[in-house]
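A quick write-up on the structure given underneath.
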Amino acid sequence: MLPVIILLSLLLSYVIAQDPRATTNRLFGLYAGSALLQTAFGLVASTTLHEGLAYVSRLTLGPLIAVNQLLLVWLVMALFLPERYAQPAVRWLIGLPYLVALAVTMLDVVAGQHFWFEGITRQPDGTFSLDSRGGFNPLLIGLVVGQLVPVVMLATIAIRHPDRRTPAAVLFGGLLFSFIMAVLPQSRALSLVFSLGPLPIYLAFAWVTLRYQLFRPSIGVMQTAIESLPDGIIFLDSQRQVRYANRAAYALLGASESLISQPIATALEQAGLKVEQHVQEPTGDRYRFTRADSQEQVIEGTEVAALGDRSAARILVLHDATDQALLAALRAKNEEQRRLLELVATLETPAVALAEHVLLAPIVGHLDSRRARLLTEKLLDEVYRRRAHQVILDVTGVQDVDSMVAKALLDTAQALRLLGCQVTLSGVSASTAITLVHQEIALEGLRTVRSPQEALSA
């Protein structure tokens, strides 16, 4: 039993030194402590020649086994199913059978009701053996069956959670081996095997602790943070095979099966993603993937080397950029429309220099309030910038000149006169003149000519 005690003591010290305040570390400390007590009492019970000491040490084995199994179940939940362990109802419901067994064994210790044992018998070598209750012993059967619960839990976790498969499978193998060695019939030929029965599960804990750093606080926090990120996180090995993928990565790739040990190129191909853009930068590679199935989707990826990883592992971060791509396209479209509108506004209110200090403003189409405002603003700016003395408003292309159009022209002429500019109206047709006369509209302050050439010659 000495290797078991040494290994447990070293493992207990290592885990507690990582973070004594972490829940998983405290649970492991309690589990290892109860296992040390169980091993120590078993060692005393099988070697002492003192009947009273043998009686006490063997009597306490039942409660210690119940406590040890309860802590092991909670430890497995805290390590691999933290969301379940965080639910008090689930945690205590699973631990209820072990608590009942603990209460019964404690009652047996205090009241001596012989639920657990009948007594002790002195052996020929002077040591003592425990006489278990004969016939149907429900407590002993319950403790044996209780050891299978964490075995089943670890097997289920290894099957249903690919990202936790390896450490769960290692602990499953160690726990199953220890269970088989514990239930073997005890004999002198198997005394060494029985004494070393718990060693496989402790070796399994030691391996996963050193290999996966399960009890480091940063690892637990990092795994929780990575699983809650909206971006997909994928760890790749040197062969570009997936070693780990969080929930967001499975969702972005639309993967219903495990991605572990699958080449990333195969995973992307099965997801229907094709590389549209690949840029190599000193800090890493940048990708732009597109998927056109039911709807267009854009996924941006960044791949960087994992610092401190000797296996040349890399990290691929996937981000759904569909909304950003649509927003960028919409912004580009709006900008193009804005430029077109500016061009149209420039074309529909042109100002052409006919001679020195003379501008021609041909008006084509319908003149509404918006165009009238733009026309006034444009002409005022051009007159001020070119220091024009005369502006010719040509209305040959205006279809209908009514009272609103006439008022707009008068307002424009008045604004231009404030800058010291003379305004001439040309291109008034016969129908327009008749309309203005019938509506009794007088273009006061406006000099009229038949054509821009007549205005220039005048």
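Residues in the structure tokens are numbered from 1 in each chain, the chains being A, B, ... in the order shown, and ligands are numbered from 1 in the order shown.
The shell of residues at most 7 Å from Tyr244 in chain A, with only C-alpha atoms counted and near chain neighbours (fewer than 6 positions) removed, consists of Asp163, Ile234, Phe235 and Ile260 of chain A.
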Restricting it to C-alpha atoms, dump the selection as a PDB file, in the first residue's frame.
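This went into result21.pdb:
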ATOM      1  CA  ASP A 163     -13.697  17.430 -26.717  1.00  0.00           C
ATOM      2  CA  ILE A 234     -10.627  25.183 -33.516  1.00  0.00           C
ATOM      3  CA  PHE A 235      -7.270  23.755 -32.353  1.00  0.00           C
ATOM      4  CA  ILE A 260     -11.954  15.480 -33.544  1.00  0.00           C
TER       5      ILE A 260
END
Exercise for the section: Report the residues of range 3-131 of chain A whose backbone DSSP state falls under alpha helix (DSSP H), written as a count of residues only. Expected result: 98
Problem - Shell around Ile5 in chain A at 12 Å using only C-alpha atoms, local window under 3 positions removed, as an NGL selection string - result: :A and (1-2 or 8-12 or 32-43 or 195-196 or 198-199 or 202-203)
Practice task
Excluding range 153-161 of chain A and any residue of its chain fewer than 2 positions from it, enumerate the residues within 10 Å of it, using only C-alpha atoms, and give them as a PyMOL selection string.
Solution key: chain A and resi 73+76-77+80-81+148-151+163-173+175+258
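Comparing the minimum interatomic distances between Gln147 in chain A and each of A:Ala206, A:Val15, A:Ala66, A:Ala321, counting only C-alpha atoms, we find that A:Ala66 sits nearest.
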Practice task
Pick out the residues sitting within 7 Å of range 402-413 of chain A, and hand them over as an NGL selection string; count only C-alpha atoms, and ignore anything fewer than 6 positions along from it in its own chain.
Solution key: :A and (367 or 372 or 376 or 423 or 436 or 441 or 443)
Practice task
Skip range 355-363 of chain A itself and residues of its chain fewer than 2 positions away, then list as a ChimeraX atom specification all residues within 9 Å of it, counting only C-alpha atoms.
Solution key: /A:348-353,365-367,375,379,382-383,386-398,452,456
Practice task
Mind checking which residues fall within 9 Å of Leu316 in chain A, counting only C-alpha atoms, ignoring those fewer than 3 positions away in the same chain, and posting them as a list in words?
Solution key: Gly232, Ile233, Ile234, Phe235, Leu236, Gly301, Thr302, Glu303, Val304 and Ala305 of chain A
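Restricting the calculation to only C-alpha atoms, the smallest distance between Ser431 in chain A and any of A:Glu454, A:Glu269, A:Asp400, A:Glu444 is found for A:Asp400.
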Exercise for the section: Work out how far CA of Val56 in chain A is from CA of Thr105 in chain A, in Å to one decimal. Expected result: 13.0 Å
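In this comparison, which uses only C-alpha atoms, the residue of A:Leu27, A:Gln422, A:Arg286, A:Arg211 approaching Asn68 in chain A most closely is A:Leu27.
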